[in-house]
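S.K.: First the structure, which I've put down as C-alpha cells, then a few questions once you've had a look.
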Amino acid sequence: EWSRLASSLRIDAFEDFSTSLKPNHIHQRRVLYFSSLFMVGTLMRPSEVLQLRWNDIEWTKNRHNPGDEDLIIRVRKEISKVRKSRTAIGTCSVAGHMRHWKSITKWGGSKEYIFPRWSGERLQTTNKTFVKRCKDMNILYSDTGVKRTLYSCRHTGITFALKRGISEIDVANLAGTSITYIQNNYYNATVEKRSSEFATQYVPPPQLAGFDVLE
C-alpha cells in the first residue's frame with residue numbers, strides 16, 4: 001500500500017500543470033510527496049521533519065556503493081520531541097530524492113526550511129491532505145483497523161528498517177525512541193523473517209570439500 005500511495009503522490013506532484021494548478025498548489029503537492037518520502041526514509045517524526053532546515057542535512061558518499069549517497073540529518077534538541085539532539089540517517093533513495101527536491105524548490109537556502117509553506121514560513125502539518133489522499137485511495141484504515149495519518153510514514157520506515165535487518169537498538173537510536181518501544185510495537189515486523197531461527201529443530205552437520213564430515 002505504501003508503494004501505491006507513493007506512486008499516487010508522485011503523479012500528483014509532477015503531472016502536467018500547464019493549464020490547471022497555480023504555483024502555490026504545485027508547491028503544496030510536492031512538499032507532501034517529498035516530505036512523506038523523507039519520513040519513511042529517515043524514521044523521523046512529522047513535527048521534527050517540518051522544522052528541519054537545509055543546513056541540518058548533509059550528503060556523504062556511501063561506502064558500499066560509490067554511486068550512491070547517504071543522508072546525514074542532525075536533529076537539533078529544540079526540534080526533537082524528547083528535547084535531545086541525535087543523528088538520523090536517510091536511505092540512499094531519500095538522499096537522491098532530496099537532491100532532486102533541492103534543485104526544484106525556490107526555498108533552497110541553507111537556513112531555509114526544507115519543507116516550508118509557499119511563503120517560505122514554517123509549515124505546521126500536511127496531515128489533513130495526507131489523510132484525504134488515503135481516504136480517496138480507500139487505504140485510510142489498515143487491515144487491523146488502525147487509521148492512517150502522516151505519522152504512519154514514520155511507522156512504515158521503522159518497519160522497513162527492521163525488515164532490512166537493522167538492529168532494534170540502531171532503529172531506536174535513529175528514530176529517537178526507546179528500544180522498549182520498538183520491541184513492544186514492532187516485534188511482528190521481524191518475527192516472520194526470522195521464522196527459521198525459531199522453527200529449526202535439527203541443523204545438518206557441516207559439509208567439507210564435498211564429503212560428509214566424519215563423526
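Scheme for the C-alpha cells: letters A, B, ... for chains in order shown; per-chain residue numbers from 1; ligand numbers from 1 in order shown.
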Extract, using only C-alpha atoms, all DNA, RNA and protein residues at most 10 Å from Gly96 in chain A, discarding same-chain residues fewer than 3 positions from it, and format them as an mmCIF file with N, CA and C atoms, in the first residue's frame.

M.R.:
```
data_model
loop_
_atom_site.group_PDB
_atom_site.id
_atom_site.type_symbol
_atom_site.label_atom_id
_atom_site.label_comp_id
_atom_site.auth_asym_id
_atom_site.auth_seq_id
_atom_site.Cartn_x
_atom_site.Cartn_y
_atom_site.Cartn_z
ATOM 1 N N TRP A 59 24.941 15.421 2.599
ATOM 2 C CA TRP A 59 25.118 14.232 1.778
ATOM 3 C C TRP A 59 26.554 13.732 1.906
ATOM 4 N N ASP A 68 26.162 5.924 -4.902
ATOM 5 C CA ASP A 68 25.073 6.364 -4.033
ATOM 6 C C ASP A 68 25.580 7.312 -2.950
ATOM 7 N N GLU A 69 24.627 7.968 -2.298
ATOM 8 C CA GLU A 69 24.953 8.852 -1.184
ATOM 9 C C GLU A 69 24.102 8.494 0.031
ATOM 10 N N ASP A 70 24.664 8.726 1.206
ATOM 11 C CA ASP A 70 23.904 8.656 2.448
ATOM 12 C C ASP A 70 23.413 10.064 2.766
ATOM 13 N N LEU A 71 22.357 10.146 3.553
ATOM 14 C CA LEU A 71 21.873 11.451 4.001
ATOM 15 C C LEU A 71 22.025 11.523 5.518
ATOM 16 N N GLY A 90 19.315 9.046 6.500
ATOM 17 C CA GLY A 90 18.365 8.799 5.429
ATOM 18 C C GLY A 90 18.901 7.752 4.466
ATOM 19 N N THR A 91 18.031 6.949 3.908
ATOM 20 C CA THR A 91 18.443 5.942 2.938
ATOM 21 C C THR A 91 19.038 6.603 1.698
ATOM 22 N N CYS A 92 19.752 5.805 0.916
ATOM 23 C CA CYS A 92 20.327 6.316 -0.334
ATOM 24 C C CYS A 92 19.227 6.839 -1.255
ATOM 25 N N SER A 93 18.089 6.168 -1.249
ATOM 26 C CA SER A 93 16.962 6.603 -2.071
ATOM 27 C C SER A 93 16.497 7.997 -1.660
ATOM 28 N N ARG A 99 18.172 15.541 -3.179
ATOM 29 C CA ARG A 99 18.928 16.262 -4.207
ATOM 30 C C ARG A 99 17.960 16.849 -5.236
ATOM 31 N N HIS A 100 16.994 16.033 -5.624
ATOM 32 C CA HIS A 100 16.009 16.481 -6.612
ATOM 33 C C HIS A 100 15.170 17.636 -6.062
ATOM 34 N N TRP A 101 14.670 17.469 -4.838
ATOM 35 C CA TRP A 101 13.823 18.497 -4.238
ATOM 36 C C TRP A 101 14.578 19.821 -4.107
#
```

S.K.: With DSSP run on the backbone, what are the strand (DSSP E) residues within range 42-127 of chain A? I'd like them as a PyMOL selection string.

M.R.: chain A and resi 57-61+69-75+86-90

S.K.: Could those residues be written to a file, using C-alpha atoms, as a PDB file, in the first residue's frame?

M.R.:
```
ATOM      1  CA  ILE A  57      21.295  17.809   6.439  1.00  0.00           C
ATOM      2  CA  GLU A  58      24.411  16.666   4.600  1.00  0.00           C
ATOM      3  CA  TRP A  59      25.118  14.232   1.778  1.00  0.00           C
ATOM      4  CA  THR A  60      28.059  11.842   2.092  1.00  0.00           C
ATOM      5  CA  LYS A  61      29.394   9.113  -0.190  1.00  0.00           C
ATOM      6  CA  GLU A  69      24.953   8.852  -1.184  1.00  0.00           C
ATOM      7  CA  ASP A  70      23.904   8.656   2.448  1.00  0.00           C
ATOM      8  CA  LEU A  71      21.873  11.451   4.001  1.00  0.00           C
ATOM      9  CA  ILE A  72      23.058  12.630   7.424  1.00  0.00           C
ATOM     10  CA  ILE A  73      20.464  14.559   9.435  1.00  0.00           C
ATOM     11  CA  ARG A  74      21.377  16.431  12.584  1.00  0.00           C
ATOM     12  CA  VAL A  75      18.218  16.606  14.649  1.00  0.00           C
ATOM     13  CA  ARG A  86      20.608  12.990  17.715  1.00  0.00           C
ATOM     14  CA  THR A  87      21.838  11.998  14.293  1.00  0.00           C
ATOM     15  CA  ALA A  88      19.369  10.393  11.905  1.00  0.00           C
ATOM     16  CA  ILE A  89      20.329   8.683   8.658  1.00  0.00           C
ATOM     17  CA  GLY A  90      18.365   8.799   5.429  1.00  0.00           C
TER      18      GLY A  90
END
```

S.K.: Return as a Markdown table the residues of range 78-142 of chain A lying at most 10 Å from range 5-13 of chain A, together with the closest atom-to-atom pair for each and the distance in Å to one decimal, counting only C-alpha atoms, with rows in chain order and ascending residue number.

M.R.:
```
| residue | atom | partner | partner_atom | distance |
| --- | --- | --- | --- | --- |
| A:Phe130 | CA | A:Leu9 | CA | 9.3 |
| A:Arg133 | CA | A:Leu5 | CA | 8.2 |
| A:Cys134 | CA | A:Leu5 | CA | 7.5 |
| A:Met137 | CA | A:Leu5 | CA | 8.0 |
| A:Ile139 | CA | A:Leu5 | CA | 8.8 |
```

S.K.: Taking only C-alpha atoms into account, name the residue in A:Tyr186, A:Tyr181, A:Tyr113, A:Phe198 that is nearest to Leu52 in chain A.

M.R.: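 For Leu52 in chain A, the nearest of the given residues is A:Tyr113.
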
S.K.: For Thr129 in chain A, list every protein, DNA or RNA residue within 10 Å, evaluated using only C-alpha atoms, and leave out those in the same chain fewer than 4 positions away; present the list as an MDAnalysis selection string.

M.R.: chainID A and resid 28:29 32 125 133:135 149:150

S.K.: For N, CA, C and O atoms, I'd like the residues from the last selection saved as a PDB file, in the first residue's frame.

M.R.:
```pdb
ATOM      1  N   GLN A  28       2.569  22.802  -2.780  1.00  0.00           N
ATOM      2  CA  GLN A  28       1.952  22.028  -1.704  1.00  0.00           C
ATOM      3  C   GLN A  28       1.989  20.531  -2.005  1.00  0.00           C
ATOM      4  O   GLN A  28       2.290  19.712  -1.125  1.00  0.00           O
ATOM      5  N   ARG A  29       1.698  20.182  -3.250  1.00  0.00           N
ATOM      6  CA  ARG A  29       1.711  18.762  -3.625  1.00  0.00           C
ATOM      7  C   ARG A  29       3.113  18.181  -3.546  1.00  0.00           C
ATOM      8  O   ARG A  29       3.306  17.045  -3.103  1.00  0.00           O
ATOM      9  N   LEU A  32       4.200  17.624   0.085  1.00  0.00           N
ATOM     10  CA  LEU A  32       3.589  16.410   0.627  1.00  0.00           C
ATOM     11  C   LEU A  32       4.323  15.171   0.128  1.00  0.00           C
ATOM     12  O   LEU A  32       4.630  14.257   0.906  1.00  0.00           O
ATOM     13  N   THR A 125       1.721  21.370   9.420  1.00  0.00           N
ATOM     14  CA  THR A 125       1.378  19.970   9.182  1.00  0.00           C
ATOM     15  C   THR A 125       0.856  19.778   7.753  1.00  0.00           C
ATOM     16  O   THR A 125       0.368  20.735   7.141  1.00  0.00           O
ATOM     17  N   ARG A 133      -5.919  11.899   1.029  1.00  0.00           N
ATOM     18  CA  ARG A 133      -5.433  11.055  -0.049  1.00  0.00           C
ATOM     19  C   ARG A 133      -5.618   9.574   0.282  1.00  0.00           C
ATOM     20  O   ARG A 133      -6.035   8.781  -0.567  1.00  0.00           O
ATOM     21  N   CYS A 134      -5.322   9.204   1.526  1.00  0.00           N
ATOM     22  CA  CYS A 134      -5.523   7.815   1.928  1.00  0.00           C
ATOM     23  C   CYS A 134      -7.004   7.421   1.821  1.00  0.00           C
ATOM     24  O   CYS A 134      -7.339   6.317   1.378  1.00  0.00           O
ATOM     25  N   LYS A 135      -7.876   8.338   2.213  1.00  0.00           N
ATOM     26  CA  LYS A 135      -9.311   8.075   2.135  1.00  0.00           C
ATOM     27  C   LYS A 135      -9.745   7.917   0.687  1.00  0.00           C
ATOM     28  O   LYS A 135     -10.511   6.995   0.349  1.00  0.00           O
ATOM     29  N   THR A 149      -2.375   8.071   9.448  1.00  0.00           N
ATOM     30  CA  THR A 149      -2.134   9.510   9.474  1.00  0.00           C
ATOM     31  C   THR A 149      -0.732   9.750   8.932  1.00  0.00           C
ATOM     32  O   THR A 149      -0.023   8.806   8.564  1.00  0.00           O
ATOM     33  N   LEU A 150      -0.311  10.992   8.926  1.00  0.00           N
ATOM     34  CA  LEU A 150       1.037  11.311   8.465  1.00  0.00           C
ATOM     35  C   LEU A 150       2.089  10.566   9.280  1.00  0.00           C
ATOM     36  O   LEU A 150       3.147  10.196   8.772  1.00  0.00           O
TER      37      LEU A 150
END
```

S.K.: CA of Trp54 in chain A and CA of Thr159 in chain A, how far apart in Å?

M.R.: 26.5 Å

S.K.: So, counting only C-alpha atoms, which residue among A:Pro46, A:Gly109, A:Pro116, A:Gly67 is closest to Arg154 in chain A?

M.R.: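 Selected residue with least distance to Arg154 in chain A: A:Pro46.
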
S.K.: Using DSSP on the backbone, list every residue of range 54-181 of chain A that comes out as helix (DSSP H, G or I), and give them as an NGL selection string.

M.R.: :A and (54-56 or 92-104 or 127-136 or 152-163 or 168-175 or 179-181)

S.K.: Kindly indicate which residue among A:Tyr141, A:Trp2, A:Trp107, A:Phe38 lies nearest to Thr156 in chain A, using only C-alpha atoms for the distances.

M.R.: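 The closest residue to Thr156 in chain A is A:Trp2.
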
S.K.: Between A:Leu21, A:Leu123, A:Val131, A:Ile104, which has the minimum distance to Cys153 in chain A (counting only C-alpha atoms)?

M.R.: A:Val131

S.K.: For the atom pair CA of Lys163 in chain A and CA of Ser85 in chain A, what is the interatomic distance in Å to one decimal place?

M.R.: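 It comes out at 26.0 Å.
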
S.K.: So, counting only C-alpha atoms, which residue among A:Lys132, A:Arg148, A:Arg63, A:His97 is closest to Glu1 in chain A?

M.R.: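 The shortest atom-to-atom distance to Glu1 in chain A comes from A:Arg148.
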
S.K.: Using Å and a single decimal, report how far CA of Phe34 in chain A sits from CA of Arg4 in chain A.

M.R.: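 Interatomic distance here is 15.0 Å.
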
S.K.: With only C-alpha atoms as the basis for distance, which of A:Leu50, A:Val94, A:Ala199, A:Val191 is at the shortest distance from Gly120 in chain A?

M.R.: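 Among the listed residues, A:Leu50 lies closest to Gly120 in chain A.
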